[in-house]
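Listing of model_9.cif, mmCIF, C-alpha atoms and all ligand atoms
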data_start
#
loop_
_atom_site.label_atom_id
_atom_site.label_comp_id
_atom_site.auth_asym_id
_atom_site.auth_seq_id
_atom_site.Cartn_x
_atom_site.Cartn_y
_atom_site.Cartn_z
CA MET A 16 -54.78 27.71 -4.79
CA HIS A 17 -57.02 29.43 -2.24
CA ARG A 18 -58.97 27.36 0.29
CA ARG A 19 -62.26 28.49 -1.31
CA ASP A 20 -61.13 27.29 -4.75
CA LEU A 21 -59.78 24.09 -3.30
CA LEU A 22 -63.14 23.24 -1.75
CA LYS A 23 -64.87 24.07 -5.05
CA TRP A 24 -62.42 21.84 -6.91
CA THR A 25 -62.95 18.91 -4.55
CA SER A 26 -66.72 19.20 -4.99
CA LEU A 27 -66.33 18.90 -8.79
CA GLY A 28 -65.41 15.26 -8.72
CA ALA A 29 -61.74 14.92 -7.82
CA GLY A 30 -62.78 11.99 -5.66
CA ALA A 31 -59.77 9.81 -6.42
CA SER A 32 -57.46 12.44 -4.95
CA LEU A 33 -59.61 13.16 -1.92
CA PRO A 34 -57.73 11.12 0.70
CA TRP A 35 -54.52 12.87 -0.33
CA LEU A 36 -56.21 16.25 -0.17
CA LEU A 37 -57.61 15.59 3.25
CA THR A 38 -54.16 14.91 4.62
CA THR A 39 -52.69 18.00 2.93
CA PRO A 40 -52.53 21.17 5.07
CA LEU A 41 -54.65 23.97 3.66
CA GLY A 42 -53.46 27.55 4.12
CA SER A 43 -50.97 28.45 1.37
CA PHE A 44 -51.60 25.28 -0.64
CA GLU A 45 -50.40 25.22 -4.24
CA GLN A 46 -50.96 22.20 -6.43
CA PRO A 47 -47.51 20.96 -7.51
CA ALA A 48 -46.70 20.93 -11.22
CA ALA A 49 -45.98 17.21 -11.00
CA PRO A 50 -47.63 14.98 -8.40
CA LEU A 51 -45.49 14.55 -5.31
CA SER A 52 -46.15 10.86 -5.58
CA ALA A 53 -44.20 10.66 -8.88
CA VAL A 54 -41.17 9.11 -7.23
CA ALA A 55 -43.31 6.66 -5.28
CA ASP A 56 -45.21 5.79 -8.46
CA LYS A 57 -41.98 4.50 -9.99
CA LYS A 58 -42.30 1.65 -7.50
CA LEU A 59 -38.60 1.75 -6.83
CA SER A 60 -37.26 -1.34 -5.15
CA PRO A 61 -35.57 -1.09 -1.75
CA LEU A 62 -31.93 -0.09 -1.92
CA LYS A 63 -28.96 -1.56 -0.15
CA ILE A 64 -25.33 -0.47 0.08
CA THR A 65 -23.32 -3.18 -1.69
CA ASP A 66 -19.80 -1.73 -1.59
CA ILE A 67 -17.78 1.18 -0.25
CA LYS A 68 -14.29 1.99 -1.45
CA THR A 69 -11.81 4.84 -1.39
CA ILE A 70 -10.12 6.24 -4.48
CA LEU A 71 -6.85 8.07 -3.79
CA THR A 72 -5.71 10.34 -6.57
CA ALA A 73 -3.59 13.47 -7.06
CA PRO A 74 -4.35 15.02 -10.46
CA ALA A 75 -3.10 18.41 -9.21
CA LYS A 76 -0.29 16.83 -7.13
CA ILE A 77 -2.43 17.21 -3.98
CA ARG A 78 -3.48 13.95 -2.38
CA LEU A 79 -7.28 13.60 -2.58
CA VAL A 80 -9.46 10.95 -0.95
CA VAL A 81 -12.79 10.22 -2.61
CA VAL A 82 -15.30 7.64 -1.38
CA LYS A 83 -17.52 5.69 -3.75
CA VAL A 84 -20.65 4.04 -2.36
CA THR A 85 -22.24 1.46 -4.64
CA THR A 86 -25.85 0.32 -4.30
CA SER A 87 -27.95 -2.69 -5.23
CA GLU A 88 -29.53 -0.71 -8.09
CA PRO A 89 -27.40 -1.30 -11.19
CA GLY A 90 -25.39 1.81 -12.08
CA LEU A 91 -26.50 3.78 -9.01
CA TYR A 92 -23.57 4.99 -6.92
CA GLY A 93 -22.53 8.13 -5.07
CA LEU A 94 -19.30 10.02 -4.50
CA GLY A 95 -18.11 11.87 -1.42
CA CYS A 96 -15.03 13.83 -0.37
CA ALA A 97 -12.96 12.45 2.51
CA THR A 98 -9.80 14.42 1.82
CA PHE A 99 -7.40 14.74 4.72
CA THR A 100 -4.41 15.36 2.52
CA GLN A 101 -1.78 15.02 5.26
CA ARG A 102 -3.07 11.57 6.34
CA PRO A 103 -4.88 10.00 3.36
CA ARG A 104 -3.92 6.40 4.16
CA VAL A 105 -5.40 6.66 7.63
CA VAL A 106 -8.75 7.82 6.22
CA GLU A 107 -8.58 5.02 3.64
CA THR A 108 -8.23 2.51 6.49
CA ALA A 109 -11.06 4.08 8.48
CA VAL A 110 -13.38 3.78 5.46
CA GLU A 111 -12.44 0.38 4.08
CA LYS A 112 -11.58 -1.56 7.25
CA TYR A 113 -14.19 -0.11 9.57
CA LEU A 114 -17.06 1.81 7.91
CA LYS A 115 -17.49 -0.55 4.96
CA PRO A 116 -18.26 -3.71 6.97
CA PHE A 117 -20.48 -1.64 9.28
CA LEU A 118 -22.55 -0.13 6.46
CA VAL A 119 -22.78 -2.72 3.66
CA GLY A 120 -26.36 -4.02 3.56
CA LYS A 121 -27.86 -0.83 5.06
CA ASP A 122 -30.36 1.38 3.21
CA PRO A 123 -28.37 4.28 1.65
CA LEU A 124 -31.40 6.57 1.79
CA GLN A 125 -31.37 6.56 5.62
CA ILE A 126 -28.74 9.29 5.54
CA GLU A 127 -29.22 10.75 9.01
CA ASP A 128 -29.45 7.36 10.67
CA ILE A 129 -26.27 6.21 8.93
CA TRP A 130 -24.47 9.41 9.99
CA GLN A 131 -25.49 8.99 13.64
CA ALA A 132 -24.67 5.27 13.70
CA SER A 133 -21.30 5.80 12.01
CA PHE A 134 -20.44 8.61 14.42
CA VAL A 135 -20.75 6.35 17.47
CA SER A 136 -19.58 3.17 15.73
CA SER A 137 -16.02 3.71 16.95
CA TYR A 138 -17.19 4.70 20.46
CA TRP A 139 -14.29 7.23 20.50
CA ARG A 140 -15.39 9.91 18.10
CA ASN A 141 -14.58 13.19 16.38
CA GLY A 142 -11.29 14.10 14.81
CA PRO A 143 -10.21 14.64 11.21
CA VAL A 144 -9.72 10.95 10.37
CA LEU A 145 -13.07 9.58 11.51
CA ASN A 146 -15.04 12.67 10.46
CA ASN A 147 -13.51 12.62 6.98
CA ALA A 148 -14.36 8.93 6.65
CA ILE A 149 -17.98 9.65 7.64
CA SER A 150 -18.06 12.60 5.23
CA GLY A 151 -16.97 10.45 2.30
CA VAL A 152 -19.95 8.19 2.88
CA ASP A 153 -22.35 11.01 3.82
CA MET A 154 -21.81 13.09 0.67
CA ALA A 155 -22.06 9.93 -1.42
CA LEU A 156 -25.44 9.15 0.14
CA TRP A 157 -26.75 12.65 -0.72
CA ASP A 158 -25.45 12.08 -4.25
CA ILE A 159 -27.33 8.76 -4.39
CA LEU A 160 -30.51 10.34 -3.00
CA GLY A 161 -30.36 13.06 -5.64
CA LYS A 162 -29.77 10.62 -8.45
CA ARG A 163 -32.66 8.46 -7.26
CA ALA A 164 -35.01 11.42 -6.89
CA GLY A 165 -33.88 12.91 -10.21
CA MET A 166 -32.93 16.18 -8.48
CA PRO A 167 -29.73 18.13 -7.83
CA VAL A 168 -28.65 18.09 -4.19
CA TYR A 169 -29.33 21.84 -3.80
CA GLN A 170 -32.97 21.04 -4.58
CA LEU A 171 -33.09 18.41 -1.85
CA LEU A 172 -31.67 20.99 0.57
CA GLY A 173 -34.57 23.36 -0.05
CA GLY A 174 -33.82 24.82 -3.46
CA LYS A 175 -31.73 27.70 -4.72
CA CYS A 176 -31.61 30.94 -2.73
CA ARG A 177 -29.34 32.49 -5.36
CA LYS A 178 -28.43 31.95 -9.02
CA ALA A 179 -24.76 31.20 -8.32
CA VAL A 180 -22.14 31.51 -5.61
CA ASP A 181 -19.89 34.53 -5.06
CA VAL A 182 -16.29 33.41 -4.55
CA TYR A 183 -12.97 34.77 -3.40
CA ARG A 184 -9.61 34.05 -4.95
CA HIS A 185 -6.08 34.13 -3.55
CA ALA A 186 -3.63 36.87 -4.54
CA SER A 187 -0.13 36.95 -3.13
CA GLY A 188 3.31 38.28 -4.01
CA ALA A 189 6.79 39.19 -2.88
CA THR A 190 5.97 42.92 -2.77
CA PHE A 191 2.92 45.12 -2.25
CA GLN A 192 3.00 45.93 -5.97
CA ASP A 193 3.00 42.22 -6.88
CA VAL A 194 -0.04 41.62 -4.70
CA GLU A 195 -1.82 44.65 -6.18
CA ARG A 196 -1.06 43.43 -9.71
CA ASN A 197 -2.45 39.98 -8.94
CA ILE A 198 -5.60 41.44 -7.41
CA ARG A 199 -6.14 43.62 -10.49
CA ARG A 200 -5.78 40.51 -12.66
CA PHE A 201 -8.61 38.83 -10.73
CA MET A 202 -10.73 41.98 -10.89
CA GLU A 203 -10.32 42.06 -14.67
CA GLN A 204 -11.67 38.49 -14.72
CA GLY A 205 -14.79 39.61 -12.85
CA TYR A 206 -13.91 38.66 -9.29
CA ARG A 207 -15.18 40.93 -6.53
CA TYR A 208 -13.47 39.35 -3.51
CA VAL A 209 -9.75 38.60 -3.16
CA ARG A 210 -7.64 37.33 -0.28
CA ALA A 211 -4.34 39.20 -0.08
CA GLN A 212 -1.15 37.77 1.45
CA VAL A 213 2.36 39.21 1.11
CA ALA A 214 5.76 37.68 1.74
CA VAL A 215 7.78 38.82 4.74
CA PRO A 216 11.39 38.82 3.53
CA GLY A 217 13.45 36.05 5.10
CA TYR A 218 10.48 34.21 6.58
CA ALA A 219 8.16 31.43 5.43
CA THR A 220 4.99 33.51 5.30
CA TYR A 221 1.67 31.70 5.09
CA GLY A 222 -0.18 32.11 1.80
CA ALA A 223 2.58 33.94 -0.10
CA THR A 224 3.93 31.99 -3.02
CA ILE A 225 7.45 33.28 -2.56
CA LYS A 226 9.53 30.79 -0.60
CA PRO A 227 12.79 32.48 0.38
CA GLY A 228 15.34 29.69 0.20
CA ARG A 229 12.77 27.17 1.51
CA SER A 230 13.18 28.85 4.86
CA GLN A 231 10.93 27.34 7.50
CA THR A 232 11.59 30.14 9.95
CA TRP A 233 8.82 32.40 11.16
CA GLU A 234 8.68 35.48 13.36
CA PRO A 235 5.25 37.00 14.06
CA SER A 236 6.32 40.55 14.95
CA TYR A 237 7.63 41.36 11.43
CA TYR A 238 4.44 39.97 9.95
CA VAL A 239 2.02 41.99 12.10
CA ARG A 240 3.93 45.18 11.22
CA THR A 241 3.92 44.38 7.48
CA VAL A 242 0.28 43.40 6.93
CA PRO A 243 -1.38 46.74 7.84
CA ARG A 244 1.05 48.50 5.47
CA LEU A 245 0.02 46.08 2.70
CA PHE A 246 -3.67 46.91 3.16
CA GLU A 247 -2.96 50.63 3.41
CA HIS A 248 -1.25 50.34 0.02
CA LEU A 249 -4.06 48.25 -1.47
CA ARG A 250 -6.84 50.57 -0.32
CA LYS A 251 -4.98 53.60 -1.68
CA GLN A 252 -4.41 51.96 -5.04
CA LEU A 253 -7.65 50.02 -5.42
CA SER A 254 -10.02 52.31 -3.54
CA ASP A 255 -13.21 50.48 -2.53
CA GLU A 256 -13.58 48.65 -5.82
CA VAL A 257 -12.86 45.24 -4.36
CA GLU A 258 -13.53 43.36 -1.13
CA LEU A 259 -10.30 42.28 0.57
CA LEU A 260 -9.70 39.33 2.87
CA HIS A 261 -6.70 38.11 4.85
CA ASP A 262 -5.77 34.86 6.62
CA VAL A 263 -3.64 35.06 9.78
CA HIS A 264 -3.58 31.24 9.90
CA GLU A 265 -3.35 31.19 13.71
CA ARG A 266 0.33 32.12 13.45
CA VAL A 267 0.67 34.90 15.98
CA PRO A 268 0.33 35.19 19.77
CA PRO A 269 -3.20 36.30 20.74
CA VAL A 270 -2.19 39.80 21.81
CA LEU A 271 -0.54 40.44 18.43
CA ALA A 272 -3.68 39.18 16.67
CA LEU A 273 -5.72 41.69 18.70
CA ARG A 274 -3.40 44.49 17.64
CA LEU A 275 -3.47 43.35 14.01
CA ALA A 276 -7.29 43.27 13.87
CA LYS A 277 -7.39 46.83 15.28
CA ASP A 278 -4.65 48.09 12.95
CA LEU A 279 -6.54 46.69 9.94
CA GLU A 280 -9.84 48.37 10.83
CA PRO A 281 -9.35 51.46 8.60
CA TYR A 282 -8.94 49.25 5.51
CA ARG A 283 -12.44 47.67 5.81
CA LEU A 284 -11.63 43.99 5.32
CA PHE A 285 -14.43 41.66 4.23
CA PHE A 286 -13.00 39.34 6.84
CA LEU A 287 -9.88 38.52 8.83
CA GLU A 288 -9.48 34.77 9.08
CA ASP A 289 -8.22 32.59 11.93
CA PRO A 290 -6.74 35.33 14.14
CA PHE A 291 -6.45 32.73 16.94
CA SER A 292 -5.85 29.00 16.98
CA PRO A 293 -8.64 26.64 18.08
CA GLU A 294 -6.79 26.31 21.38
CA ASP A 295 -7.12 30.08 21.99
CA VAL A 296 -10.82 30.59 21.26
CA GLY A 297 -11.27 32.25 24.66
CA TYR A 298 -9.71 35.37 23.14
CA PHE A 299 -12.61 36.01 20.77
CA THR A 300 -14.59 37.78 23.49
CA HIS A 301 -11.77 40.27 23.92
CA LEU A 302 -11.39 40.72 20.17
CA ARG A 303 -15.08 41.50 19.68
CA GLN A 304 -14.96 44.20 22.31
CA GLN A 305 -12.06 45.99 20.65
CA THR A 306 -12.62 46.00 16.91
CA THR A 307 -15.24 45.94 14.16
CA THR A 308 -12.99 44.07 11.74
CA PRO A 309 -15.17 41.13 10.59
CA ILE A 310 -13.86 37.77 11.78
CA ALA A 311 -13.90 34.33 10.11
CA MET A 312 -12.97 31.24 12.07
CA GLY A 313 -13.26 27.49 12.13
CA GLU A 314 -11.42 25.61 9.36
CA LEU A 315 -9.62 23.45 11.92
CA PHE A 316 -12.72 22.61 13.94
CA ASN A 317 -13.89 19.00 14.16
CA ASN A 318 -16.25 18.94 17.08
CA PRO A 319 -19.54 20.91 17.31
CA ASN A 320 -18.56 22.14 20.74
CA GLU A 321 -15.70 24.08 19.19
CA TRP A 322 -17.85 26.37 17.07
CA LEU A 323 -20.99 26.52 19.19
CA PRO A 324 -19.90 29.19 21.72
CA LEU A 325 -18.41 31.40 18.99
CA VAL A 326 -21.68 31.37 17.05
CA THR A 327 -24.12 31.65 19.94
CA GLY A 328 -21.94 34.31 21.56
CA ARG A 329 -21.97 36.31 18.30
CA LEU A 330 -18.19 36.44 18.42
CA ILE A 331 -17.54 35.70 14.73
CA ASP A 332 -19.09 36.88 11.46
CA PHE A 333 -18.24 33.98 9.16
CA ILE A 334 -18.02 30.29 9.94
CA ARG A 335 -15.09 28.64 8.19
CA ILE A 336 -15.63 24.90 7.95
CA HIS A 337 -13.80 22.22 6.00
CA MET A 338 -16.93 20.29 5.16
CA SER A 339 -15.39 16.83 5.09
CA GLN A 340 -13.61 17.50 8.38
CA VAL A 341 -16.91 17.95 10.24
CA GLY A 342 -18.57 14.85 8.78
CA GLY A 343 -19.96 16.02 5.44
CA LEU A 344 -23.11 17.68 4.15
CA SER A 345 -25.38 16.41 6.90
CA MET A 346 -23.41 18.16 9.64
CA ALA A 347 -22.53 21.23 7.56
CA ARG A 348 -26.16 22.00 6.78
CA LYS A 349 -26.97 21.86 10.50
CA ILE A 350 -24.11 24.25 11.23
CA ALA A 351 -25.42 26.60 8.54
CA ALA A 352 -28.91 26.48 10.04
CA LEU A 353 -27.56 27.20 13.52
CA CYS A 354 -25.56 30.13 12.16
CA GLU A 355 -28.62 31.58 10.44
CA PHE A 356 -30.20 32.32 13.82
CA PHE A 357 -27.15 34.31 14.90
CA ALA A 358 -26.54 36.19 11.62
CA VAL A 359 -23.27 34.33 11.10
CA ARG A 360 -22.59 33.74 7.42
CA THR A 361 -21.01 30.69 5.78
CA ALA A 362 -17.55 30.62 4.22
CA TRP A 363 -16.75 26.95 3.57
CA HIS A 364 -13.09 26.04 3.19
CA GLY A 365 -12.31 25.56 -0.52
CA PRO A 366 -8.60 25.24 -1.30
CA GLY A 367 -6.76 22.54 -3.30
CA ASP A 368 -7.02 19.96 -0.55
CA VAL A 369 -10.77 19.75 -1.02
CA SER A 370 -11.54 17.36 -3.89
CA PRO A 371 -13.72 18.59 -6.77
CA VAL A 372 -16.47 16.41 -5.24
CA GLY A 373 -16.09 18.37 -2.00
CA HIS A 374 -16.17 21.67 -3.91
CA ALA A 375 -19.40 20.55 -5.59
CA ALA A 376 -20.90 19.75 -2.17
CA ASN A 377 -19.82 23.20 -0.91
CA VAL A 378 -21.55 24.93 -3.79
CA HIS A 379 -24.77 22.91 -3.52
CA LEU A 380 -25.07 23.95 0.12
CA ASP A 381 -24.06 27.56 -0.67
CA LEU A 382 -26.91 27.75 -3.16
CA ALA A 383 -29.48 26.54 -0.66
CA VAL A 384 -28.69 28.45 2.55
CA PRO A 385 -30.03 31.98 3.12
CA ASN A 386 -27.03 32.96 5.28
CA PHE A 387 -24.41 32.23 2.64
CA GLY A 388 -21.43 34.58 2.94
CA ILE A 389 -18.68 33.72 0.48
CA GLN A 390 -17.03 30.65 -1.04
CA GLU A 391 -13.28 30.09 -1.30
CA ALA A 392 -12.64 28.90 -4.85
CA ARG A 393 -9.97 27.64 -7.18
CA ASP A 394 -9.49 26.88 -10.85
CA PHE A 395 -9.43 23.17 -11.55
CA THR A 396 -6.51 21.96 -13.65
CA GLN A 397 -7.24 20.14 -16.90
CA ALA A 398 -6.15 16.88 -15.23
CA GLU A 399 -8.66 17.47 -12.40
CA GLN A 400 -11.42 18.21 -14.89
CA ASP A 401 -10.56 15.03 -16.80
CA ALA A 402 -10.60 12.94 -13.62
CA PHE A 403 -13.74 14.64 -12.25
CA PRO A 404 -16.19 15.35 -15.11
CA GLY A 405 -18.71 17.93 -13.95
CA CYS A 406 -16.41 20.08 -11.78
CA PRO A 407 -17.97 23.36 -10.62
CA THR A 408 -17.13 26.15 -13.06
CA LEU A 409 -16.05 29.75 -12.50
CA LYS A 410 -17.63 32.58 -14.45
CA ASP A 411 -18.20 36.29 -13.70
CA GLY A 412 -16.79 35.85 -10.20
CA TYR A 413 -19.26 33.08 -9.37
CA TYR A 414 -19.06 29.31 -8.89
CA TRP A 415 -21.69 27.41 -10.86
CA VAL A 416 -22.76 23.78 -10.62
CA ASN A 417 -24.73 21.92 -13.25
CA ASP A 418 -28.32 20.80 -12.73
CA LYS A 419 -27.74 17.07 -13.05
CA PRO A 420 -29.24 14.83 -10.35
CA GLY A 421 -27.12 14.42 -7.24
CA LEU A 422 -23.90 16.39 -6.88
CA GLY A 423 -23.58 16.52 -10.68
CA ILE A 424 -19.97 15.36 -10.62
CA ASP A 425 -18.40 12.04 -11.54
CA LEU A 426 -15.03 10.34 -11.15
CA ASP A 427 -13.29 8.69 -14.08
CA GLU A 428 -11.40 5.99 -12.22
CA LYS A 429 -9.13 5.22 -15.18
CA VAL A 430 -7.99 8.84 -15.40
CA ALA A 431 -7.69 9.09 -11.60
CA ALA A 432 -5.42 6.01 -11.63
CA GLN A 433 -3.00 7.89 -13.89
CA PHE A 434 -2.35 10.26 -10.97
CA PRO A 435 -1.40 8.04 -8.01
CA ILE A 436 -0.76 9.75 -4.70
CA ASN A 437 2.84 10.19 -3.66
CA ASP A 438 3.58 8.25 -0.48
CA ASP A 439 7.26 9.15 -0.40
CA PRO A 440 7.56 11.28 1.66
CA PRO A 441 4.28 10.31 3.29
CA PHE A 442 3.22 13.90 4.01
CA ASP A 443 4.06 17.48 3.12
CA MET A 444 7.25 18.40 4.91
CA GLN A 445 5.99 21.94 5.46
CA TRP A 446 3.69 20.71 8.22
CA GLY A 447 5.32 20.30 11.61
CA ASN A 448 8.53 21.96 10.49
CA LEU A 449 7.83 25.64 11.04
CA ARG A 450 10.08 27.04 13.75
CA ARG A 451 10.82 30.36 15.39
CA ARG A 452 14.24 31.98 14.94
CA ASP A 453 15.39 30.32 18.16
CA GLY A 454 14.37 26.87 16.92
CA ALA A 455 11.09 26.49 18.82
CA ILE A 456 8.25 24.82 16.91
CA THR A 457 5.27 27.02 16.03
CA LYS A 458 1.79 26.55 14.57
CA PRO A 459 1.55 26.16 10.79
MG MG A 501 -7.50 29.47 6.27
#
I'd like the structure from this file rewritten - as structure tokens, please.
Ligand code: MG
Amino acid sequence: MHRRDLLKWTSLGAGASLPWLLTTPLGSFEQPAAPLSAVADKKLSPLKITDIKTILTAPAKIRLVVVKVTTSEPGLYGLGCATFTQRPRVVETAVEKYLKPFLVGKDPLQIEDIWQASFVSSYWRNGPVLNNAISGVDMALWDILGKRAGMPVYQLLGGKCRKAVDVYRHASGATFQDVERNIRRFMEQGYRYVRAQVAVPGYATYGATIKPGRSQTWEPSYYVRTVPRLFEHLRKQLSDEVELLHDVHERVPPVLALRLAKDLEPYRLFFLEDPFSPEDVGYFTHLRQQTTTPIAMGELFNNPNEWLPLVTGRLIDFIRIHMSQVGGLSMARKIAALCEFFAVRTAWHGPGDVSPVGHAANVHLDLAVPNFGIQEARDFTQAEQDAFPGCPTLKDGYYWVNDKPGLGIDLDEKVAAQFPINDDPPFDMQWGNLRRRDGAITKP
């Protein structure tokens, strides 16, 4: 409504609304379809957090940690992802022994205040355990806010910037031809982005499904010679029909990562992921000066100071964040906003060790940020869909979420209980067991 029309309208007897109008900025004013006071008119009673608990479940044989926050309003609860699959019991303790007594009785709608208070509640802060615990609560509070407001979380974050979320899938194989075949299979299903990883014979290559004799031996030089040949093959066979990605997984010495990024340049990757470990971020300046291969980095970051210089220095193209690892939606949306000012696009971590609740949170944020880049995605098993009604769905190469209030996903605790986590052995033996040919330990 124009200012002129607004003044005319107010002079025609809309007296009851006048105080509201006087406090409303003019300019590009549009009368909302439903009064903004609709929620307030419900005269909702104050809310309190009455309980917080963790639910550990493994419907796809991957240990997931989900947090359930219950409120004083009957039937109103929220769910959040706190999955640190290698250390689920430690997160469980952080939530139930420490965050629960700190937060019960607080107003669950004070999301930012609860995040800030929880962050300093241990004095010593950051790290995957404490940040995941905070995330479990944080996502659950956004879920509660959405349910109370009657809106999906993407709406609370500013509304949809896109109809759905472009995803990438993982293709791997023992040979170049295997990888090509698997990429073609995804393309036939409508996917436009595929991450390609190939086995290096005799070595435990990251991301390739072939495990030669459960070898846990790794040599980087064979790998950095093999990968450019893989992408040469793929570009010849697939032309430019598909966007290709690759994950180095911080497995090579920095100088070999530099060479690899340069060698891959002719094959026009959508991005090259984690060329360096978080301990070697100083090398990104050198990388940027030597290649135009787009770079994605950050899935192991916990602390804002780790990603800040890479973004503000315009040293990466995509921010890779495991949302629960950085403290949940509240922190991830701030990271996305920061990245927007530096033309860095989002690429939230989305493998099997993110619960379906975490995937839903990823997609809600993807929908609402203008600088969305790509979303890592997976098919949910039937058991996961049974345990988590409302999982995001894949169609035409996109992730879709439903429009139910909150995150739009639930947890059937009876079904989840049918898939207890395996505590014996207490963690995946693949972690901390990768060694060089001479026996020296190397990064995973
Ligand atoms: Mg990765």
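From atom CA of Val152 of chain A back to atom CA of Arg177 of chain A, the distance works out to 27.3 Å.
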Practice problem: Set the cut-off to 8 Å, count only C-alpha atoms and all ligand atoms, and list whatever residues fall near ligand MG 501 (chain A) as a VMD selection string. | Solution: chain A and resid 262 to 264 288 to 289 314 335 364
Once you have the residues from the selection above, write them out as an mmCIF file, in the frame of the given file, restricted to C-alpha atoms.
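Wrote out_17.cif, looks like this:
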data_model
loop_
_atom_site.group_PDB
_atom_site.id
_atom_site.type_symbol
_atom_site.label_atom_id
_atom_site.label_comp_id
_atom_site.auth_asym_id
_atom_site.auth_seq_id
_atom_site.Cartn_x
_atom_site.Cartn_y
_atom_site.Cartn_z
ATOM 1 C CA ASP A 262 -5.770 34.860 6.620
ATOM 2 C CA VAL A 263 -3.640 35.060 9.780
ATOM 3 C CA HIS A 264 -3.580 31.240 9.900
ATOM 4 C CA GLU A 288 -9.480 34.770 9.080
ATOM 5 C CA ASP A 289 -8.220 32.590 11.930
ATOM 6 C CA GLU A 314 -11.420 25.610 9.360
ATOM 7 C CA ARG A 335 -15.090 28.640 8.190
ATOM 8 C CA HIS A 364 -13.090 26.040 3.190
#
Quiz item: So, counting all atoms listed in the file, which residue among A:Arg303, A:Arg393, A:Arg78, A:Lys121 is closest to Thr98 of chain A?
Solution: A:Arg78
Proximity check segment 366-394 of chain A to segment 342-352 of chain A, 9 Å, nearest pairs one decimal Å, all atoms listed in the file, as a Markdown table:
| residue | atom | partner | partner_atom | distance |
| --- | --- | --- | --- | --- |
| A:Gly373 | CA | A:Gly343 | CA | 8.7 |
| A:Ala376 | CA | A:Leu344 | CA | 7.0 |
| A:Asn377 | CA | A:Leu344 | CA | 8.2 |
| A:Leu380 | CA | A:Arg348 | CA | 7.0 |
| A:Val384 | CA | A:Ala351 | CA | 7.1 |
| A:Pro385 | CA | A:Ala352 | CA | 8.9 |
| A:Asn386 | CA | A:Ala351 | CA | 7.3 |
| A:Phe387 | CA | A:Ala351 | CA | 8.2 |
Quiz prompt | Pick from A:Gly365, A:Pro61, A:Gly222, A:Pro143 nearest to Gln101 of chain A, counting all atoms listed in the file | solution =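 Nearest to Gln101 of chain A: A:Pro143.
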Fill-in result for segment 365-378 of chain A, N, CA and C atoms as an mmCIF file, in the frame of the given file:
data_model
loop_
_atom_site.group_PDB
_atom_site.id
_atom_site.type_symbol
_atom_site.label_atom_id
_atom_site.label_comp_id
_atom_site.auth_asym_id
_atom_site.auth_seq_id
_atom_site.Cartn_x
_atom_site.Cartn_y
_atom_site.Cartn_z
ATOM 1 N N GLY A 365 -12.297 26.054 0.858
ATOM 2 C CA GLY A 365 -12.310 25.560 -0.520
ATOM 3 C C GLY A 365 -10.976 25.657 -1.232
ATOM 4 N N PRO A 366 -9.884 25.199 -0.618
ATOM 5 C CA PRO A 366 -8.600 25.240 -1.300
ATOM 6 C C PRO A 366 -8.353 23.954 -2.106
ATOM 7 N N GLY A 367 -7.089 23.706 -2.476
ATOM 8 C CA GLY A 367 -6.760 22.540 -3.300
ATOM 9 C C GLY A 367 -6.899 21.226 -2.574
ATOM 10 N N ASP A 368 -6.866 21.235 -1.248
ATOM 11 C CA ASP A 368 -7.020 19.960 -0.550
ATOM 12 C C ASP A 368 -8.470 19.663 -0.184
ATOM 13 N N VAL A 369 -9.381 20.218 -0.963
ATOM 14 C CA VAL A 369 -10.770 19.750 -1.020
ATOM 15 C C VAL A 369 -10.924 19.182 -2.425
ATOM 16 N N SER A 370 -11.411 17.955 -2.553
ATOM 17 C CA SER A 370 -11.540 17.360 -3.890
ATOM 18 C C SER A 370 -12.625 18.105 -4.673
ATOM 19 N N PRO A 371 -12.625 17.979 -6.005
ATOM 20 C CA PRO A 371 -13.720 18.590 -6.770
ATOM 21 C C PRO A 371 -15.104 18.116 -6.306
ATOM 22 N N VAL A 372 -15.185 16.888 -5.787
ATOM 23 C CA VAL A 372 -16.470 16.410 -5.240
ATOM 24 C C VAL A 372 -16.845 17.251 -4.014
ATOM 25 N N GLY A 373 -15.850 17.530 -3.175
ATOM 26 C CA GLY A 373 -16.090 18.370 -2.000
ATOM 27 C C GLY A 373 -16.466 19.786 -2.396
ATOM 28 N N HIS A 374 -15.810 20.324 -3.429
ATOM 29 C CA HIS A 374 -16.170 21.670 -3.910
ATOM 30 C C HIS A 374 -17.623 21.678 -4.401
ATOM 31 N N ALA A 375 -18.014 20.621 -5.106
ATOM 32 C CA ALA A 375 -19.400 20.550 -5.590
ATOM 33 C C ALA A 375 -20.366 20.553 -4.399
ATOM 34 N N ALA A 376 -20.030 19.787 -3.361
ATOM 35 C CA ALA A 376 -20.900 19.750 -2.170
ATOM 36 C C ALA A 376 -20.974 21.134 -1.527
ATOM 37 N N ASN A 377 -19.817 21.823 -1.441
ATOM 38 C CA ASN A 377 -19.820 23.200 -0.910
ATOM 39 C C ASN A 377 -20.817 24.065 -1.662
ATOM 40 N N VAL A 378 -20.731 24.011 -2.990
ATOM 41 C CA VAL A 378 -21.550 24.930 -3.790
ATOM 42 C C VAL A 378 -23.034 24.583 -3.698
#
